[in-house]
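Colleague: Take a look at the following structure, please.
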Amino acid sequence: MSRAGELVKGFRTRTVPRERTALAIWFWEIDRVLLSLIVALMAIGLVAVAAASPVAAIDRSTAQVAVNPLNYFYRQLIFVGLGLPIMLVISMLPRPQARRLATFFCVFFFVMLLFVPLLGSTVNGAKRWIDLPGFRFQPSEFLKPVYVVTLAWLLSLRGKDATLPVIPLTGVLTLLIAAVLMRQPDFGQTVIFLACWGCLLLLSGVPMRWIAALGGVGLAGLVAVYMFYENGRQRINDFLGIGVDQSAGPDQTDLAFRTITHGGFTGVGPGGGQHKFRLPEAHTDYIFSVIGEEFGLLACIAIALVYLAIVVRVLLRLLDEEDSFTILAAAGLTTQFGLQAIINMGVNAQIFPSKGMTLPFISYGGSSMLALCIGVGLLLAFTRRNPFMGRHTVVKWSGR
């Protein structure tokens, strides 16, 4: 074999994978940077839950039963152990199968959401959970990612037939979900569903006058929430300090802000936090404040940058994407993910009123973890691509 032939053979050996198994194809097509960022968040979450678990254990201990200080860490470890394989399996699905799976689960969890008023159990004054023998789950958490994918599929049909009434259909579905959520009450989840719908409408090419009209309706809705929705009005008043009895002590957002700033830039050290024991739901809604106290504001900034990197990574991945459904689905899932992180961190930093929303992959919770793993699994499936496609230059010989 000539020297040139050896060089060509060596180049092909280094650049083209010899394996043709499904697992090898998945490995080369998956966005490994995005997957690494998600796994990093899971690892950070385990450390954070370990720091906040003693607080929840004390809150739930009684004179008869003492909860293990690391009980919630062990449970979170189980949730991660269940969620990570689910995420990887879903990410291996071809796009059509991933879309069909999401549509099926959208119908299923939408029906489950409708049954919450009948079968749901009340926790902390809200009826959001369905209790089944051996486990309890929150349908709205599981509905979020599959709802986004289903809406993306419906709106992508406009490109094939502009006469299809998909916009009214998605609007009716979204408003029905919002009405059920507001009855629970769950204003934070309602905001995310409505925001995802608005984002997908904007990306699908809906005229700007429609978007402006929907924005006006949204502002009117916020006013109506304050006027007629007791739970929402109370949270806003507490946040603004209107009608608050100062002698009653600080509210939840005040406690969260004091906790997150107590550690300074570097924190008081793992297990050294004291303000966290005054927080309600330190292992879920206010875990970001626990991180700030024990690991410092620099750690909080680093976590915020990880979330930003995930959002930017997906958007960069979509720059050369041509399929409208893929663009809508991936952008919608990223909007849902990023908005949930922003709301949680904003509440802990006293920027937003208390919402009762978890921090993605960091807060404790089985429903939250498994639902997020389903959503990211779908996101990884939709952003998969062959890294060798479109990278070869075609040389045309003149024949002379």
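Every chain in the structure tokens has a letter given in the order shown (A, B, ...), and although residue numbers restart at 1 in each chain, ligands are simply numbered from 1 in the order shown.
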Show me, as number ranges by chain, the residues that have an atom within 12 Å of A:Leu35 when counting only C-alpha atoms, minus same-chain residues fewer than 5 positions from it.

Modeller: A: 27, 29-30, 40-42, 84, 87-88, 91, 306, 309-310, 313-314, 373, 376-381, 383-384

Colleague: Find the nearest atom pair between each residue of stretch 44-93 of chain A and stretch 258-275 of chain A for residues within 12 Å, count only C-alpha atoms, give distances in Å to one decimal, sort rows by chain and ascending number, and present the table as CSV.

Modeller:
residue,atom,partner,partner_atom,distance
A:Val47,CA,A:Pro270,CA,9.1
A:Ala48,CA,A:Pro270,CA,9.2
A:Val49,CA,A:Gly271,CA,11.2
A:Ala50,CA,A:Gly271,CA,8.8
A:Ala51,CA,A:Gly271,CA,6.0
A:Ala52,CA,A:Gly271,CA,8.7
A:Ser53,CA,A:Gly271,CA,10.3
A:Pro54,CA,A:Gly271,CA,9.2
A:Val55,CA,A:Gln274,CA,9.8
A:Pro69,CA,A:Gly271,CA,11.5
A:Leu70,CA,A:Gly271,CA,11.8

Colleague: Restrict the selected residues to N, CA and C atoms and save them as a JSON list (two decimals), in the first residue's frame.

Modeller:
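Writing the result to again-v7.json gives the following:
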[["chain", "number", "residue", "atom", "x", "y", "z"],
["A", 47, "VAL", "N", -25.73, 17.18, 46.68],
["A", 47, "VAL", "CA", -24.99, 17.85, 47.75],
["A", 47, "VAL", "C", -25.90, 18.84, 48.48],
["A", 48, "ALA", "N", -26.70, 19.59, 47.71],
["A", 48, "ALA", "CA", -27.58, 20.59, 48.32],
["A", 48, "ALA", "C", -28.66, 19.93, 49.17],
["A", 49, "VAL", "N", -29.24, 18.85, 48.69],
["A", 49, "VAL", "CA", -30.28, 18.16, 49.46],
["A", 49, "VAL", "C", -29.69, 17.57, 50.74],
["A", 50, "ALA", "N", -28.45, 17.08, 50.67],
["A", 50, "ALA", "CA", -27.79, 16.57, 51.87],
["A", 50, "ALA", "C", -27.64, 17.68, 52.91],
["A", 51, "ALA", "N", -27.39, 18.92, 52.44],
["A", 51, "ALA", "CA", -27.25, 20.05, 53.36],
["A", 51, "ALA", "C", -28.59, 20.47, 53.94],
["A", 52, "ALA", "N", -29.67, 20.33, 53.16],
["A", 52, "ALA", "CA", -30.99, 20.80, 53.61],
["A", 52, "ALA", "C", -31.81, 19.70, 54.26],
["A", 53, "SER", "N", -31.43, 18.45, 54.11],
["A", 53, "SER", "CA", -32.21, 17.34, 54.64],
["A", 53, "SER", "C", -32.42, 17.40, 56.16],
["A", 54, "PRO", "N", -31.41, 17.77, 56.96],
["A", 54, "PRO", "CA", -31.65, 17.84, 58.41],
["A", 54, "PRO", "C", -32.76, 18.82, 58.79],
["A", 55, "VAL", "N", -32.92, 19.90, 58.03],
["A", 55, "VAL", "CA", -33.97, 20.87, 58.32],
["A", 55, "VAL", "C", -35.34, 20.22, 58.14],
["A", 69, "PRO", "N", -31.76, 12.35, 59.82],
["A", 69, "PRO", "CA", -31.35, 13.64, 59.25],
["A", 69, "PRO", "C", -31.04, 13.60, 57.75],
["A", 70, "LEU", "N", -30.59, 12.44, 57.26],
["A", 70, "LEU", "CA", -30.27, 12.32, 55.83],
["A", 70, "LEU", "C", -31.35, 11.56, 55.07]]

Colleague: In Å to one decimal, how far is atom CA of A:Val89 from atom CA of A:Met369?

Modeller: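 About the pair atom CA of A:Met369 and atom CA of A:Val89: they are 15.4 Å apart.
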
Colleague: If we count only C-alpha atoms and set the cut-off at 8 Å, which residues sit around A:Gln336, ignoring sequence neighbours fewer than 4 positions away in its own chain? Please answer as a PyMOL selection string.

Modeller: chain A and resi 144-145+192-193+196+332+340

Colleague: I need the residues from that last selection saved to file as a PDB file, in the first residue's frame (with N, CA, C and O atoms), if you can.

Modeller:
ATOM      1  N   LYS A 144     -46.073  19.244  32.206  1.00  0.00           N
ATOM      2  CA  LYS A 144     -45.362  20.387  31.613  1.00  0.00           C
ATOM      3  C   LYS A 144     -44.532  20.030  30.380  1.00  0.00           C
ATOM      4  O   LYS A 144     -44.727  20.634  29.316  1.00  0.00           O
ATOM      5  N   PRO A 145     -43.584  19.094  30.457  1.00  0.00           N
ATOM      6  CA  PRO A 145     -42.754  18.847  29.272  1.00  0.00           C
ATOM      7  C   PRO A 145     -43.520  18.242  28.104  1.00  0.00           C
ATOM      8  O   PRO A 145     -43.294  18.630  26.943  1.00  0.00           O
ATOM      9  N   ILE A 192     -46.012  29.363  34.108  1.00  0.00           N
ATOM     10  CA  ILE A 192     -45.109  28.641  33.206  1.00  0.00           C
ATOM     11  C   ILE A 192     -45.863  28.092  31.995  1.00  0.00           C
ATOM     12  O   ILE A 192     -45.398  28.195  30.856  1.00  0.00           O
ATOM     13  N   PHE A 193     -47.036  27.515  32.212  1.00  0.00           N
ATOM     14  CA  PHE A 193     -47.816  26.993  31.083  1.00  0.00           C
ATOM     15  C   PHE A 193     -48.175  28.115  30.113  1.00  0.00           C
ATOM     16  O   PHE A 193     -48.043  27.967  28.886  1.00  0.00           O
ATOM     17  N   CYS A 196     -45.007  29.386  28.225  1.00  0.00           N
ATOM     18  CA  CYS A 196     -44.582  28.455  27.167  1.00  0.00           C
ATOM     19  C   CYS A 196     -45.492  28.552  25.953  1.00  0.00           C
ATOM     20  O   CYS A 196     -45.028  28.506  24.805  1.00  0.00           O
ATOM     21  N   GLY A 332     -39.339  25.317  23.290  1.00  0.00           N
ATOM     22  CA  GLY A 332     -40.354  25.318  24.339  1.00  0.00           C
ATOM     23  C   GLY A 332     -39.891  24.621  25.603  1.00  0.00           C
ATOM     24  O   GLY A 332     -40.107  25.114  26.714  1.00  0.00           O
ATOM     25  N   GLN A 340     -38.475  28.117  34.969  1.00  0.00           N
ATOM     26  CA  GLN A 340     -38.630  27.537  36.297  1.00  0.00           C
ATOM     27  C   GLN A 340     -37.416  27.850  37.173  1.00  0.00           C
ATOM     28  O   GLN A 340     -37.563  28.175  38.355  1.00  0.00           O
TER      29      GLN A 340
END

Colleague: Between atom CA of A:Phe337 and atom CA of A:Ala179, what is the distance, to one decimal in Å?

Modeller: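 Between atom CA of A:Phe337 and atom CA of A:Ala179 the gap works out to 21.8 Å.
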
Colleague: Figure out the distance between atom CA of A:Gly83 and atom CA of A:Leu370, please, to one decimal in Å.

Modeller: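 Between atom CA of A:Leu370 and atom CA of A:Gly83 the gap works out to 5.0 Å.
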
Colleague: Could you give me, as a ChimeraX atom specification, the residues within 9 Å of stretch 56-61 of chain A, counting only C-alpha atoms and dropping anything in the same chain fewer than 2 positions from it?

Modeller: /A:52-54,63-72,277,280-283

Colleague: Keeping N, CA and C atoms for every residue in the selection just given, could you write it to a file as a compact mmCIF listing (two decimals), in the first residue's frame?

Modeller:
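Result file follows (out-v1.txt):
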# COMPACT_ATOMS: atom_id res chain seq x y z
N ALA A 52 -29.67 20.33 53.16
CA ALA A 52 -30.99 20.80 53.61
C ALA A 52 -31.81 19.70 54.26
N SER A 53 -31.43 18.45 54.11
CA SER A 53 -32.21 17.34 54.64
C SER A 53 -32.42 17.40 56.16
N PRO A 54 -31.41 17.77 56.96
CA PRO A 54 -31.65 17.84 58.41
C PRO A 54 -32.76 18.82 58.79
N ALA A 63 -42.67 13.60 68.58
CA ALA A 63 -42.21 13.04 69.85
C ALA A 63 -42.09 11.52 69.78
N GLN A 64 -42.87 10.91 68.89
CA GLN A 64 -42.86 9.46 68.78
C GLN A 64 -41.89 8.96 67.70
N VAL A 65 -41.74 9.73 66.64
CA VAL A 65 -40.93 9.29 65.50
C VAL A 65 -39.89 10.36 65.19
N ALA A 66 -38.62 9.95 65.14
CA ALA A 66 -37.53 10.86 64.76
C ALA A 66 -37.08 10.50 63.35
N VAL A 67 -37.17 11.45 62.43
CA VAL A 67 -36.78 11.23 61.05
C VAL A 67 -35.26 11.31 60.93
N ASN A 68 -34.68 10.38 60.20
CA ASN A 68 -33.24 10.37 59.96
C ASN A 68 -32.82 11.70 59.31
N PRO A 69 -31.76 12.35 59.82
CA PRO A 69 -31.35 13.64 59.25
C PRO A 69 -31.04 13.60 57.75
N LEU A 70 -30.59 12.44 57.26
CA LEU A 70 -30.27 12.32 55.83
C LEU A 70 -31.35 11.56 55.07
N ASN A 71 -32.54 11.48 55.62
CA ASN A 71 -33.63 10.73 54.99
C ASN A 71 -33.92 11.25 53.59
N TYR A 72 -33.99 12.56 53.45
CA TYR A 72 -34.36 13.14 52.16
C TYR A 72 -33.22 13.06 51.15
N PHE A 277 -32.39 26.65 59.28
CA PHE A 277 -33.34 25.99 60.15
C PHE A 277 -34.59 26.83 60.38
N PRO A 280 -38.97 27.58 55.74
CA PRO A 280 -39.97 26.55 55.42
C PRO A 280 -39.59 25.85 54.11
N GLU A 281 -39.72 24.54 54.07
CA GLU A 281 -39.40 23.77 52.85
C GLU A 281 -37.99 24.09 52.35
N ALA A 282 -37.02 24.00 53.25
CA ALA A 282 -35.63 24.33 52.88
C ALA A 282 -35.08 23.36 51.83
N HIS A 283 -35.61 22.15 51.77
CA HIS A 283 -35.07 21.16 50.83
C HIS A 283 -35.74 21.23 49.46

Colleague: Residues within 9 Å of A:Thr103, please, as a PDB file with C-alpha atoms, in the first residue's frame. Count only C-alpha atoms; anything in the same chain fewer than 4 positions from it doesn't count.

Modeller:
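Result file follows (result31.pdb):
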ATOM      1  CA  ALA A  98     -40.376  10.693  21.032  1.00  0.00           C
ATOM      2  CA  ARG A  99     -43.159  12.954  19.730  1.00  0.00           C
ATOM      3  CA  VAL A 107     -53.360  13.066  27.167  1.00  0.00           C
ATOM      4  CA  PHE A 108     -52.752  10.780  30.149  1.00  0.00           C
ATOM      5  CA  VAL A 146     -45.162  16.666  27.276  1.00  0.00           C
ATOM      6  CA  TYR A 147     -47.609  19.573  26.966  1.00  0.00           C
ATOM      7  CA  VAL A 149     -43.980  18.947  22.863  1.00  0.00           C
ATOM      8  CA  THR A 150     -47.653  18.391  21.982  1.00  0.00           C
ATOM      9  CA  TRP A 153     -46.414  19.420  17.125  1.00  0.00           C
TER      10      TRP A 153
END

Colleague: Looking at only C-alpha atoms, which of A:Asp161, A:Phe382, A:Cys300, A:Phe361 is the one that sits closest to A:Leu318?

Modeller: A:Phe382

Colleague: Tell me, as a VMD selection string, which residues lie within 12 Å of A:Gly366, counting only C-alpha atoms; anything in the same chain fewer than 4 positions away does not count.

Modeller: chain A and resid 72 to 83 129 135 to 139 141 to 142 284 358 360 to 362 370 to 373
